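K.L.:
I'm passing along structure13.cif; it holds mmCIF, C-alpha atoms.
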```cif
data_model
#
loop_
_atom_site.group_PDB
_atom_site.id
_atom_site.type_symbol
_atom_site.label_atom_id
_atom_site.label_comp_id
_atom_site.auth_asym_id
_atom_site.auth_seq_id
_atom_site.Cartn_x
_atom_site.Cartn_y
_atom_site.Cartn_z
ATOM 1 C CA MET A 1 18.896 1.845 17.272
ATOM 2 C CA GLU A 2 17.635 3.381 14.022
ATOM 3 C CA LEU A 3 15.534 6.435 13.180
ATOM 4 C CA ARG A 4 13.018 4.036 11.685
ATOM 5 C CA GLN A 5 12.555 2.341 15.049
ATOM 6 C CA LEU A 6 12.093 5.715 16.729
ATOM 7 C CA ARG A 7 9.383 6.608 14.187
ATOM 8 C CA TYR A 8 7.719 3.264 14.939
ATOM 9 C CA PHE A 9 7.846 4.032 18.670
ATOM 10 C CA VAL A 10 6.131 7.397 18.128
ATOM 11 C CA ALA A 11 3.450 5.827 15.920
ATOM 12 C CA VAL A 12 2.585 3.160 18.511
ATOM 13 C CA ALA A 13 2.644 5.745 21.301
ATOM 14 C CA GLU A 14 0.191 7.950 19.395
ATOM 15 C CA GLU A 15 -2.145 5.122 18.395
ATOM 16 C CA LEU A 16 -1.787 2.969 21.550
ATOM 17 C CA ASN A 17 -2.722 0.091 19.276
ATOM 18 C CA PHE A 18 -0.226 -2.031 17.353
ATOM 19 C CA GLY A 19 -2.736 -2.889 14.640
ATOM 20 C CA ARG A 20 -3.594 0.734 13.874
ATOM 21 C CA ALA A 21 0.055 1.768 14.065
ATOM 22 C CA ALA A 22 1.048 -1.015 11.659
ATOM 23 C CA ALA A 23 -1.672 0.047 9.212
ATOM 24 C CA ARG A 24 -0.534 3.679 9.480
ATOM 25 C CA LEU A 25 3.062 2.654 8.792
ATOM 26 C CA HIS A 26 1.961 0.099 6.185
ATOM 27 C CA ILE A 27 4.016 -2.700 7.664
ATOM 28 C CA ALA A 28 3.043 -6.081 9.066
ATOM 29 C CA GLY A 29 1.955 -6.169 12.706
ATOM 30 C CA PRO A 30 4.491 -8.845 13.748
ATOM 31 C CA SER A 31 7.311 -6.832 12.152
ATOM 32 C CA LEU A 32 6.289 -3.720 14.069
ATOM 33 C CA SER A 33 6.185 -5.669 17.323
ATOM 34 C CA GLN A 34 9.661 -7.095 16.659
ATOM 35 C CA GLN A 35 11.069 -3.642 15.880
ATOM 36 C CA ILE A 36 9.658 -2.240 19.138
ATOM 37 C CA LYS A 37 11.114 -5.151 21.106
ATOM 38 C CA SER A 38 14.487 -4.577 19.414
ATOM 39 C CA LEU A 39 14.351 -0.890 20.351
ATOM 40 C CA GLU A 40 13.500 -1.786 23.953
ATOM 41 C CA ARG A 41 16.497 -4.142 24.057
ATOM 42 C CA ASP A 42 18.786 -1.421 22.693
ATOM 43 C CA LEU A 43 17.515 1.128 25.226
ATOM 44 C CA GLY A 44 17.439 -1.326 28.100
ATOM 45 C CA VAL A 45 13.938 -0.285 29.203
ATOM 46 C CA ARG A 46 10.347 -1.267 28.467
ATOM 47 C CA LEU A 47 8.459 1.368 26.499
ATOM 48 C CA PHE A 48 5.007 -0.200 26.571
ATOM 49 C CA GLU A 49 2.872 -2.393 28.792
ATOM 50 C CA ARG A 50 0.684 -4.527 26.564
ATOM 51 C CA ASP A 51 -1.781 -7.344 26.807
ATOM 52 C CA ARG A 52 -4.377 -8.708 24.397
ATOM 53 C CA ARG A 53 -6.658 -5.700 24.772
ATOM 54 C CA THR A 54 -4.645 -2.646 25.748
ATOM 55 C CA VAL A 55 -1.350 -0.898 25.084
ATOM 56 C CA THR A 56 -0.068 1.784 27.471
ATOM 57 C CA LEU A 57 3.156 3.718 27.778
ATOM 58 C CA THR A 58 5.413 2.878 30.696
ATOM 59 C CA ALA A 59 6.927 5.661 32.769
ATOM 60 C CA HIS A 60 10.084 5.299 30.692
ATOM 61 C CA GLY A 61 8.026 5.527 27.506
ATOM 62 C CA GLU A 62 6.262 8.674 28.730
ATOM 63 C CA THR A 63 9.621 10.288 29.489
ATOM 64 C CA LEU A 64 11.248 9.317 26.200
ATOM 65 C CA LEU A 65 8.330 10.172 23.887
ATOM 66 C CA PRO A 66 8.774 13.987 23.770
ATOM 67 C CA ARG A 67 12.541 13.591 23.492
ATOM 68 C CA THR A 68 12.097 11.137 20.630
ATOM 69 C CA ARG A 69 9.756 13.531 18.817
ATOM 70 C CA ALA A 70 12.306 16.298 19.247
ATOM 71 C CA LEU A 71 15.101 14.062 17.963
ATOM 72 C CA LEU A 72 13.119 13.123 14.867
ATOM 73 C CA GLU A 73 12.306 16.770 14.221
ATOM 74 C CA GLN A 74 15.998 17.638 14.517
ATOM 75 C CA ALA A 75 16.868 14.880 12.058
ATOM 76 C CA ASP A 76 14.253 16.172 9.615
ATOM 77 C CA ASP A 77 15.469 19.738 10.057
ATOM 78 C CA LEU A 78 19.057 18.681 9.448
ATOM 79 C CA ARG A 79 18.026 16.887 6.269
ATOM 80 C CA ARG A 80 15.971 19.882 5.152
ATOM 81 C CA THR A 81 18.817 22.310 5.815
ATOM 82 C CA ALA A 82 21.498 20.128 4.242
ATOM 83 C CA ARG A 83 19.591 19.566 1.035
ATOM 84 C CA GLY A 84 18.115 23.016 0.740
ATOM 85 C CA PHE A 85 14.645 21.881 -0.285
ATOM 86 C CA ALA A 86 12.609 24.329 1.768
ATOM 87 C CA ALA A 87 12.117 26.688 -1.160
ATOM 88 C CA SER A 88 11.520 24.044 -3.836
ATOM 89 C CA GLU A 89 8.291 23.648 -5.752
ATOM 90 C CA PRO A 90 5.798 21.172 -4.255
ATOM 91 C CA VAL A 91 6.137 17.574 -5.362
ATOM 92 C CA ARG A 92 2.881 16.588 -7.066
ATOM 93 C CA VAL A 93 1.671 13.117 -6.103
ATOM 94 C CA GLY A 94 -1.305 11.254 -7.533
ATOM 95 C CA TYR A 95 -2.833 7.976 -6.449
ATOM 96 C CA VAL A 96 -5.504 5.496 -7.460
ATOM 97 C CA SER A 97 -7.071 3.922 -4.413
ATOM 98 C CA TRP A 98 -4.505 3.404 -1.681
ATOM 99 C CA ARG A 99 -1.890 5.743 -0.272
ATOM 100 C CA PRO A 100 0.097 5.508 2.968
ATOM 101 C CA ALA A 101 -1.691 7.164 5.870
ATOM 102 C CA ASP A 102 1.508 9.016 6.779
ATOM 103 C CA LEU A 103 2.181 10.241 3.241
ATOM 104 C CA GLU A 104 2.876 13.868 4.176
ATOM 105 C CA GLU A 105 4.740 12.912 7.335
ATOM 106 C CA ARG A 106 7.224 10.777 5.426
ATOM 107 C CA VAL A 107 8.512 13.703 3.365
ATOM 108 C CA SER A 108 7.987 16.545 5.847
ATOM 109 C CA GLY A 109 11.708 16.970 6.327
ATOM 110 C CA VAL A 110 12.805 16.914 2.693
ATOM 111 C CA ALA A 111 10.093 18.273 0.398
ATOM 112 C CA ARG A 112 6.721 19.965 0.228
ATOM 113 C CA LEU A 113 3.954 17.748 -1.036
ATOM 114 C CA ARG A 114 0.822 18.421 -3.050
ATOM 115 C CA VAL A 115 -1.518 15.430 -3.211
ATOM 116 C CA ASP A 116 -3.468 15.640 -6.447
ATOM 117 C CA ALA A 117 -7.236 15.728 -6.001
ATOM 118 C CA TRP A 118 -7.940 13.648 -9.115
ATOM 119 C CA VAL A 119 -8.169 10.006 -8.048
ATOM 120 C CA MET A 120 -7.883 8.251 -11.396
ATOM 121 C CA PRO A 121 -7.221 4.735 -12.790
ATOM 122 C CA SER A 122 -3.738 3.223 -12.650
ATOM 123 C CA HIS A 123 -2.888 3.538 -16.331
ATOM 124 C CA THR A 124 -4.044 7.181 -16.348
ATOM 125 C CA GLN A 125 -1.936 8.139 -13.347
ATOM 126 C CA ALA A 126 1.171 6.498 -14.813
ATOM 127 C CA ALA A 127 0.614 8.385 -18.068
ATOM 128 C CA ARG A 128 0.280 11.679 -16.162
ATOM 129 C CA VAL A 129 3.708 11.104 -14.610
ATOM 130 C CA ALA A 130 5.138 10.377 -18.057
ATOM 131 C CA ASP A 131 3.715 13.587 -19.558
ATOM 132 C CA GLY A 132 4.768 15.753 -16.595
ATOM 133 C CA SER A 133 1.314 16.416 -15.135
ATOM 134 C CA LEU A 134 2.433 14.640 -11.941
ATOM 135 C CA ASP A 135 5.842 14.077 -10.406
ATOM 136 C CA LEU A 136 4.934 10.809 -8.661
ATOM 137 C CA ALA A 137 2.031 8.379 -8.660
ATOM 138 C CA ILE A 138 1.086 5.473 -6.419
ATOM 139 C CA THR A 139 -0.347 2.987 -8.862
ATOM 140 C CA TRP A 140 -0.437 -0.558 -10.216
ATOM 141 C CA VAL A 141 1.851 -0.828 -13.196
ATOM 142 C CA ARG A 142 3.428 -3.426 -15.466
ATOM 143 C CA ALA A 143 7.080 -3.661 -16.448
ATOM 144 C CA THR A 144 5.992 -3.075 -20.045
ATOM 145 C CA ASP A 145 4.270 0.185 -19.069
ATOM 146 C CA LEU A 146 7.369 1.401 -17.252
ATOM 147 C CA ALA A 147 9.632 0.641 -20.186
ATOM 148 C CA GLU A 148 7.328 2.111 -22.846
ATOM 149 C CA GLN A 149 6.742 5.347 -20.919
ATOM 150 C CA GLN A 150 10.325 5.658 -19.610
ATOM 151 C CA LEU A 151 9.278 5.451 -15.985
ATOM 152 C CA THR A 152 10.834 3.995 -12.859
ATOM 153 C CA GLY A 153 8.865 2.092 -10.227
ATOM 154 C CA GLN A 154 9.645 1.211 -6.636
ATOM 155 C CA LEU A 155 7.553 -1.139 -4.551
ATOM 156 C CA LEU A 156 5.524 0.745 -1.947
ATOM 157 C CA GLY A 157 2.952 -1.808 -0.793
ATOM 158 C CA VAL A 158 1.216 -5.102 -1.486
ATOM 159 C CA ASP A 159 -2.435 -6.086 -1.077
ATOM 160 C CA ARG A 160 -3.550 -9.675 -0.582
ATOM 161 C CA LEU A 161 -6.778 -9.982 -2.502
ATOM 162 C CA TYR A 162 -9.655 -11.894 -0.947
ATOM 163 C CA ALA A 163 -12.961 -13.317 -2.139
ATOM 164 C CA VAL A 164 -16.470 -12.416 -1.020
ATOM 165 C CA SER A 165 -19.254 -14.949 -0.729
ATOM 166 C CA ILE A 166 -22.417 -15.600 1.235
ATOM 167 C CA GLY A 167 -22.141 -17.589 4.435
ATOM 168 C CA ASP A 168 -18.921 -19.580 4.201
ATOM 169 C CA GLU A 169 -15.888 -17.985 5.846
ATOM 170 C CA SER A 170 -13.337 -20.729 5.119
ATOM 171 C CA PRO A 171 -10.394 -20.184 2.747
ATOM 172 C CA VAL A 172 -11.185 -20.787 -0.909
ATOM 173 C CA ALA A 173 -8.874 -22.148 -3.605
ATOM 174 C CA ALA A 174 -8.063 -19.629 -6.318
ATOM 175 C CA ARG A 175 -9.463 -21.935 -9.017
ATOM 176 C CA ASP A 176 -12.866 -21.903 -7.311
ATOM 177 C CA THR A 177 -13.283 -18.127 -7.476
ATOM 178 C CA VAL A 178 -14.974 -15.920 -10.056
ATOM 179 C CA VAL A 179 -13.375 -12.738 -11.384
ATOM 180 C CA LEU A 180 -15.433 -9.848 -12.754
ATOM 181 C CA VAL A 181 -14.296 -8.078 -15.937
ATOM 182 C CA ASP A 182 -16.026 -4.804 -16.805
ATOM 183 C CA ALA A 183 -16.766 -3.533 -20.310
ATOM 184 C CA ASP A 184 -15.609 -0.016 -19.390
ATOM 185 C CA THR A 185 -11.915 -0.334 -20.206
ATOM 186 C CA ALA A 186 -11.306 3.386 -19.687
ATOM 187 C CA THR A 187 -11.946 2.886 -15.973
ATOM 188 C CA TRP A 188 -11.100 -0.748 -15.357
ATOM 189 C CA ALA A 189 -8.263 -1.461 -17.822
ATOM 190 C CA SER A 190 -5.684 -2.378 -15.168
ATOM 191 C CA TRP A 191 -8.076 -4.558 -13.184
ATOM 192 C CA ASN A 192 -9.300 -6.326 -16.332
ATOM 193 C CA ILE A 193 -5.721 -7.145 -17.369
ATOM 194 C CA TYR A 194 -4.970 -8.502 -13.903
ATOM 195 C CA ALA A 195 -8.240 -10.432 -13.557
ATOM 196 C CA ILE A 196 -8.065 -12.135 -16.959
ATOM 197 C CA GLU A 197 -4.459 -13.249 -16.475
ATOM 198 C CA PHE A 198 -5.265 -14.490 -12.969
ATOM 199 C CA ALA A 199 -8.212 -16.528 -14.229
ATOM 200 C CA ARG A 200 -6.175 -18.080 -17.051
ATOM 201 C CA SER A 201 -3.283 -18.900 -14.723
ATOM 202 C CA VAL A 202 -5.228 -20.535 -11.890
ATOM 203 C CA GLY A 203 -8.369 -21.799 -13.630
ATOM 204 C CA ALA A 204 -10.814 -19.317 -12.101
ATOM 205 C CA SER A 205 -14.003 -18.328 -13.933
ATOM 206 C CA VAL A 206 -14.444 -15.003 -15.749
ATOM 207 C CA GLU A 207 -17.756 -13.152 -15.553
ATOM 208 C CA ARG A 208 -18.111 -10.216 -17.940
ATOM 209 C CA ILE A 209 -20.221 -7.294 -16.706
ATOM 210 C CA ASP A 210 -21.102 -3.789 -17.900
ATOM 211 C CA ASP A 211 -22.358 -2.033 -14.768
ATOM 212 C CA HIS A 212 -19.113 -1.050 -12.974
ATOM 213 C CA GLY A 213 -19.891 -3.792 -10.475
ATOM 214 C CA ILE A 214 -16.225 -4.304 -9.653
ATOM 215 C CA THR A 215 -17.003 -2.352 -6.463
ATOM 216 C CA GLY A 216 -19.980 -1.021 -4.498
ATOM 217 C CA SER A 217 -23.438 -2.467 -4.058
ATOM 218 C CA ALA A 218 -23.446 -3.801 -7.627
ATOM 219 C CA PHE A 219 -20.489 -6.021 -6.676
ATOM 220 C CA PHE A 220 -22.521 -7.635 -3.906
ATOM 221 C CA ASP A 221 -25.429 -8.061 -6.328
ATOM 222 C CA HIS A 222 -23.119 -10.112 -8.548
ATOM 223 C CA VAL A 223 -22.028 -12.228 -5.572
ATOM 224 C CA ARG A 224 -25.710 -12.984 -4.850
ATOM 225 C CA ARG A 225 -26.468 -13.730 -8.473
ATOM 226 C CA LEU A 226 -23.492 -16.021 -9.030
ATOM 227 C CA GLY A 227 -23.730 -17.859 -5.705
ATOM 228 C CA ARG A 228 -19.964 -18.376 -5.743
ATOM 229 C CA PRO A 229 -16.962 -16.652 -4.140
ATOM 230 C CA VAL A 230 -16.014 -13.588 -6.187
ATOM 231 C CA LEU A 231 -12.525 -12.107 -6.102
ATOM 232 C CA SER A 232 -12.536 -8.577 -4.698
ATOM 233 C CA SER A 233 -10.498 -5.858 -6.405
ATOM 234 C CA PRO A 234 -7.954 -3.741 -4.481
ATOM 235 C CA LYS A 235 -10.001 -0.571 -4.995
ATOM 236 C CA ARG A 236 -10.992 0.795 -1.583
ATOM 237 C CA ASP A 237 -14.754 0.960 -1.203
ATOM 238 C CA ALA A 238 -16.773 2.365 1.692
ATOM 239 C CA THR A 239 -19.814 0.174 0.954
ATOM 240 C CA PRO A 240 -20.320 -2.028 4.060
ATOM 241 C CA LEU A 241 -20.337 -5.789 3.761
ATOM 242 C CA PRO A 242 -23.993 -6.890 3.673
ATOM 243 C CA SER A 243 -25.385 -9.112 6.390
ATOM 244 C CA GLY A 244 -24.638 -12.758 5.723
ATOM 245 C CA PHE A 245 -21.667 -12.001 3.454
ATOM 246 C CA SER A 246 -18.115 -12.928 4.380
ATOM 247 C CA ARG A 247 -14.580 -12.194 3.270
ATOM 248 C CA ARG A 248 -12.638 -15.359 2.476
ATOM 249 C CA ALA A 249 -8.901 -15.813 2.158
ATOM 250 C CA VAL A 250 -7.874 -16.999 -1.305
ATOM 251 C CA VAL A 251 -5.199 -19.698 -1.309
ATOM 252 C CA ASP A 252 -3.278 -21.970 -3.660
ATOM 253 C CA PRO A 253 -2.135 -19.436 -4.767
ATOM 254 C CA VAL A 254 -2.660 -16.173 -2.872
ATOM 255 C CA PRO A 255 -3.322 -13.346 -5.367
ATOM 256 C CA LEU A 256 -1.141 -10.298 -4.706
ATOM 257 C CA TRP A 257 -1.630 -6.777 -6.033
ATOM 258 C CA THR A 258 1.412 -4.502 -5.953
ATOM 259 C CA TRP A 259 1.430 -0.728 -5.489
ATOM 260 C CA ALA A 260 4.343 1.087 -7.123
ATOM 261 C CA LEU A 261 5.697 4.567 -6.575
ATOM 262 C CA VAL A 262 6.203 5.692 -10.163
ATOM 263 C CA SER A 263 8.500 8.502 -11.284
ATOM 264 C CA ARG A 264 10.184 9.552 -14.524
ATOM 265 C CA ALA A 265 13.362 7.603 -15.307
ATOM 266 C CA ASP A 266 15.211 10.810 -16.217
ATOM 267 C CA GLU A 267 14.028 12.752 -13.158
ATOM 268 C CA THR A 268 16.612 15.247 -11.894
ATOM 269 C CA ASP A 269 14.614 17.457 -9.511
ATOM 270 C CA PRO A 270 16.296 17.054 -6.084
ATOM 271 C CA ALA A 271 12.999 17.431 -4.224
ATOM 272 C CA VAL A 272 11.314 14.696 -6.248
ATOM 273 C CA LEU A 273 14.280 12.369 -5.829
ATOM 274 C CA ALA A 274 14.356 13.079 -2.098
ATOM 275 C CA ALA A 275 10.619 12.396 -1.843
ATOM 276 C CA VAL A 276 11.076 9.039 -3.578
ATOM 277 C CA GLU A 277 13.824 8.116 -1.145
ATOM 278 C CA ALA A 278 11.744 9.225 1.839
ATOM 279 C CA PHE A 279 8.666 7.319 0.676
ATOM 280 C CA THR A 280 10.520 4.055 0.146
ATOM 281 C CA ARG A 281 13.305 4.193 2.750
ATOM 282 C CA ASP A 282 11.502 2.276 5.501
ATOM 283 C CA VAL A 283 9.173 0.160 3.392
ATOM 284 C CA VAL A 284 9.067 -3.465 4.538
ATOM 285 C CA VAL A 285 6.901 -5.791 2.453
ATOM 286 C CA GLU A 286 6.313 -9.326 3.687
ATOM 287 C CA LEU A 287 4.691 -11.560 1.106
ATOM 288 C CA GLY A 288 4.160 -14.411 3.533
ATOM 289 C CA PRO A 289 4.363 -18.117 2.727
ATOM 290 C CA ALA A 290 4.109 -19.246 -0.888
ATOM 291 C CA PRO A 291 2.382 -20.086 -3.093
ATOM 292 C CA TYR A 292 1.300 -16.627 -4.160
ATOM 293 C CA TRP A 293 0.466 -15.224 -7.563
ATOM 294 C CA LEU A 294 1.624 -12.132 -9.434
ATOM 295 C CA PRO A 295 1.082 -11.306 -13.110
ATOM 296 C CA GLY A 296 3.896 -12.384 -15.395
ATOM 297 C CA ASP A 297 4.699 -8.757 -16.259
ATOM 298 C CA ASP A 298 4.652 -7.497 -12.683
ATOM 299 C CA PRO A 299 7.913 -5.563 -12.139
ATOM 300 C CA PHE A 300 8.125 -6.701 -8.514
ATOM 301 C CA ARG A 301 8.234 -10.436 -8.818
ATOM 302 C CA PRO A 302 10.236 -12.116 -6.023
ATOM 303 C CA GLY A 303 13.722 -10.734 -5.666
ATOM 304 C CA ALA A 304 13.022 -7.365 -7.302
ATOM 305 C CA LEU A 305 12.258 -4.178 -5.424
ATOM 306 C CA THR A 306 12.872 -1.626 -8.140
ATOM 307 C CA TYR A 307 12.523 -1.470 -11.886
ATOM 308 C CA GLN A 308 14.678 0.585 -14.217
ATOM 309 C CA PRO A 309 13.916 0.673 -17.971
#
```
So that I can check it, write out the structure of this file as structure tokens.

P.N.:
Amino acid sequence: MELRQLRYFVAVAEELNFGRAAARLHIAGPSLSQQIKSLERDLGVRLFERDRRTVTLTAHGETLLPRTRALLEQADDLRRTARGFAASEPVRVGYVSWRPADLEERVSGVARLRVDAWVMPSHTQAARVADGSLDLAITWVRATDLAEQQLTGQLLGVDRLYAVSIGDESPVAARDTVVLVDADTATWASWNIYAIEFARSVGASVERIDDHGITGSAFFDHVRRLGRPVLSSPKRDATPLPSGFSRRAVVDPVPLWTWALVSRADETDPAVLAAVEAFTRDVVVELGPAPYWLPGDDPFRPGALTYQP
């Protein structure tokens, strides 16, 4: 039985939905289910009753939940006391599009966190860590960027990119997609680098635009205009999918976008180092069956979880 499994138990108990709990923890649903089953085997009791539609706590689960919360709080308090971080300066964290839903919770026992309000492009956030404006950033980054700016990156998450088209919902081969490349390199530099290399590697088409149509309603306008499946960027966008449009899995290969937790290579602040460890300690990334595609300069190609310049 591990603290990680106890945190998973609490997350499922609070969400009463494995899908939402997995998204909150940023792990795969099957992995979460296996961890809960392993915990139940270790404890010798069932914690949840579940079927296809509902998840409920058993009587044993109801009894153990407050005790588990108390145990986790004691573990966090012990860590906080032992490391003496309560009085440290806040750790400044920036991000681009995605961040774990439990960001603050992950470091609650070891450091105070200040999430930066400026949501900026990947290359900008990495540069802000390098110049000391931020302590950490959750961003897409290349091995070259890390080396040139004397940064360290640890894998925090992976997005499987999909295509959007009208009507058809079947998987689409990577070579049959279109990638959009925007003229505004100040905003879309990282995406443009990724998209162009992807297109060259798999034989996809490149469509150059100048209206920031990588996301939002303009993106769907391009899908209509082109009449072909268009690769969607990893940037989160609240614009709803229009009627008649569909998200399609991209295969042969599956394009992957990695999110790194970036810090300075010479970082010595105990709170920052503890935050990095807390953020990445329980990260489980499952790439799924090959073939999948990553840029040639991605620091997290298979077999690597960290990058040191």

K.L.:
Where does the PyMOL selection byres ((chain A and resi 152-165) around 6) land in this file, that is, which residues does it pick, as a VMD selection string?

P.N.:
chain A and resid 151 166 229 to 232 245 to 250 255 to 265 305 to 308

K.L.:
Suppose we keep C-alpha atoms; can you now write the selection as a PDB file, keeping the file's coordinate frame?

P.N.:
```
ATOM      1  CA  LEU A 151       9.278   5.451 -15.985  1.00  0.00           C
ATOM      2  CA  ILE A 166     -22.417 -15.600   1.235  1.00  0.00           C
ATOM      3  CA  PRO A 229     -16.962 -16.652  -4.140  1.00  0.00           C
ATOM      4  CA  VAL A 230     -16.014 -13.588  -6.187  1.00  0.00           C
ATOM      5  CA  LEU A 231     -12.525 -12.107  -6.102  1.00  0.00           C
ATOM      6  CA  SER A 232     -12.536  -8.577  -4.698  1.00  0.00           C
ATOM      7  CA  PHE A 245     -21.667 -12.001   3.454  1.00  0.00           C
ATOM      8  CA  SER A 246     -18.115 -12.928   4.380  1.00  0.00           C
ATOM      9  CA  ARG A 247     -14.580 -12.194   3.270  1.00  0.00           C
ATOM     10  CA  ARG A 248     -12.638 -15.359   2.476  1.00  0.00           C
ATOM     11  CA  ALA A 249      -8.901 -15.813   2.158  1.00  0.00           C
ATOM     12  CA  VAL A 250      -7.874 -16.999  -1.305  1.00  0.00           C
ATOM     13  CA  PRO A 255      -3.322 -13.346  -5.367  1.00  0.00           C
ATOM     14  CA  LEU A 256      -1.141 -10.298  -4.706  1.00  0.00           C
ATOM     15  CA  TRP A 257      -1.630  -6.777  -6.033  1.00  0.00           C
ATOM     16  CA  THR A 258       1.412  -4.502  -5.953  1.00  0.00           C
ATOM     17  CA  TRP A 259       1.430  -0.728  -5.489  1.00  0.00           C
ATOM     18  CA  ALA A 260       4.343   1.087  -7.123  1.00  0.00           C
ATOM     19  CA  LEU A 261       5.697   4.567  -6.575  1.00  0.00           C
ATOM     20  CA  VAL A 262       6.203   5.692 -10.163  1.00  0.00           C
ATOM     21  CA  SER A 263       8.500   8.502 -11.284  1.00  0.00           C
ATOM     22  CA  ARG A 264      10.184   9.552 -14.524  1.00  0.00           C
ATOM     23  CA  ALA A 265      13.362   7.603 -15.307  1.00  0.00           C
ATOM     24  CA  LEU A 305      12.258  -4.178  -5.424  1.00  0.00           C
ATOM     25  CA  THR A 306      12.872  -1.626  -8.140  1.00  0.00           C
ATOM     26  CA  TYR A 307      12.523  -1.470 -11.886  1.00  0.00           C
ATOM     27  CA  GLN A 308      14.678   0.585 -14.217  1.00  0.00           C
TER      28      GLN A 308
END
```

K.L.:
Care to translate the PyMOL selection byres ((chain A and resi 106) around 12) into actual residues of this file, as a ChimeraX atom specification?

P.N.:
/A:4,7,24-26,72-73,76,99-105,107-113,274-283

K.L.:
How about saving the chosen residues, C-alpha atoms kept, as a CSV table (one decimal), in the frame of the given file?

P.N.:
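Result file is again_29.csv:
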```
chain,number,residue,atom,x,y,z
A,4,ARG,CA,13.0,4.0,11.7
A,7,ARG,CA,9.4,6.6,14.2
A,24,ARG,CA,-0.5,3.7,9.5
A,25,LEU,CA,3.1,2.7,8.8
A,26,HIS,CA,2.0,0.1,6.2
A,72,LEU,CA,13.1,13.1,14.9
A,73,GLU,CA,12.3,16.8,14.2
A,76,ASP,CA,14.3,16.2,9.6
A,99,ARG,CA,-1.9,5.7,-0.3
A,100,PRO,CA,0.1,5.5,3.0
A,101,ALA,CA,-1.7,7.2,5.9
A,102,ASP,CA,1.5,9.0,6.8
A,103,LEU,CA,2.2,10.2,3.2
A,104,GLU,CA,2.9,13.9,4.2
A,105,GLU,CA,4.7,12.9,7.3
A,107,VAL,CA,8.5,13.7,3.4
A,108,SER,CA,8.0,16.5,5.8
A,109,GLY,CA,11.7,17.0,6.3
A,110,VAL,CA,12.8,16.9,2.7
A,111,ALA,CA,10.1,18.3,0.4
A,112,ARG,CA,6.7,20.0,0.2
A,113,LEU,CA,4.0,17.7,-1.0
A,274,ALA,CA,14.4,13.1,-2.1
A,275,ALA,CA,10.6,12.4,-1.8
A,276,VAL,CA,11.1,9.0,-3.6
A,277,GLU,CA,13.8,8.1,-1.1
A,278,ALA,CA,11.7,9.2,1.8
A,279,PHE,CA,8.7,7.3,0.7
A,280,THR,CA,10.5,4.1,0.1
A,281,ARG,CA,13.3,4.2,2.8
A,282,ASP,CA,11.5,2.3,5.5
A,283,VAL,CA,9.2,0.2,3.4
```

K.L.:
Quote the spacing between atom CA of Lys235 of chain A and atom CA of Ala174 of chain A in Å to one decimal place.

P.N.:
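We find that atom CA of Lys235 of chain A and atom CA of Ala174 of chain A lie 19.2 Å from each other.
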
K.L.:
Taking into account only C-alpha atoms, which residue in the set A:Ala143, A:Glu14, A:Leu32, A:Thr63 is nearest to Val45 of chain A?

P.N.:
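Among the listed residues, A:Thr63 lies closest to Val45 of chain A.
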
K.L.:
Please report the interatomic distance between atom CA of Glu15 of chain A and atom CA of Asp237 of chain A in Å with one decimal.

P.N.:
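Between atom CA of Glu15 of chain A and atom CA of Asp237 of chain A the gap works out to 23.7 Å.
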
K.L.:
Need to verify the contact set: Asp116 of chain A, 12 Å, all atoms listed in the file, exclusion of same-chain residues closer than 5 positions in sequence. Can you return it as a ChimeraX atom specification?

P.N.:
/A:90-96,99,125,128-129,133-138

K.L.:
With distances taken over all atoms listed in the file, which of A:Thr177, A:Ser122, A:Thr215, A:Ser190 is nearest to Val202 of chain A?

P.N.:
A:Thr177

K.L.:
Identify the residues within 12 Å of coordinate (2.8, 6.0, 19.6) (same frame as the file), considering only C-alpha atoms, and give the answer as JSON, numbers by chain.

P.N.:
{"A": [5, 6, 7, 8, 9, 10, 11, 12, 13, 14, 15, 16, 17, 18, 19, 20, 21, 22, 24, 25, 32, 36, 47, 48, 55, 56, 57, 58, 61, 62, 64, 65, 66, 68, 69]}

K.L.:
Just the residues within 12 Å of His212 of chain A, please, counting all atoms listed in the file, with nothing from its chain fewer than 2 positions along; format it as a ChimeraX atom specification.

P.N.:
/A:180-189,191-192,208-210,214-222,233

K.L.:
Could you tell me how far atom CA of Trp98 of chain A sits from atom CA of Pro234 of chain A, in Å to one decimal place?

P.N.:
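Between atom CA of Pro234 of chain A and atom CA of Trp98 of chain A the gap is 8.4 Å.
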
K.L.:
If I wrap all listed atoms of segment 203-213 of chain A in a box with edges along x, y and z and add 5 Å on each side, what are its centre and edge lengths in Å to one decimal, as AutoDock Vina command-line options?

P.N.:
```
--center_x -15.4 --center_y -11.4 --center_z -14.2 --size_x 24.0 --size_y 30.7 --size_z 17.5
```

K.L.:
Which one of A:Ala23, A:Arg228, A:Ile196, A:Val223 sits closest to Pro242 of chain A if you count all atoms listed in the file?

P.N.:
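Among the listed residues, A:Val223 lies closest to Pro242 of chain A.
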
K.L.:
Excluding Asp297 of chain A and its own-chain neighbours fewer than 2 positions away, which residues fall within 12 Å of it when counting all atoms listed in the file? Please give them as a list in words.

P.N.:
Trp140, Val141, Arg142, Ala143, Thr144, Asp145, Leu146, Ala147, Ile193, Tyr194, Glu197, Phe198, Thr258, Trp293, Leu294, Pro295, Pro299, Phe300, Arg301 and Tyr307 of chain A

K.L.:
Find, counting all atoms listed in the file, the residue in A:Gln149, A:Thr239, A:Ser33, A:Gln74 that gets nearest to Asp266 of chain A.

P.N.:
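For Asp266 of chain A, the nearest of the candidates is A:Gln149.
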
K.L.:
For Glu267 of chain A, which residue among A:Pro121, A:Gln150, A:Glu286, A:Gly244 is the nearest when counting all atoms listed in the file?

P.N.:
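Going through A:Pro121, A:Gln150, A:Glu286, A:Gly244 one by one, the smallest distance to Glu267 of chain A is for A:Gln150.
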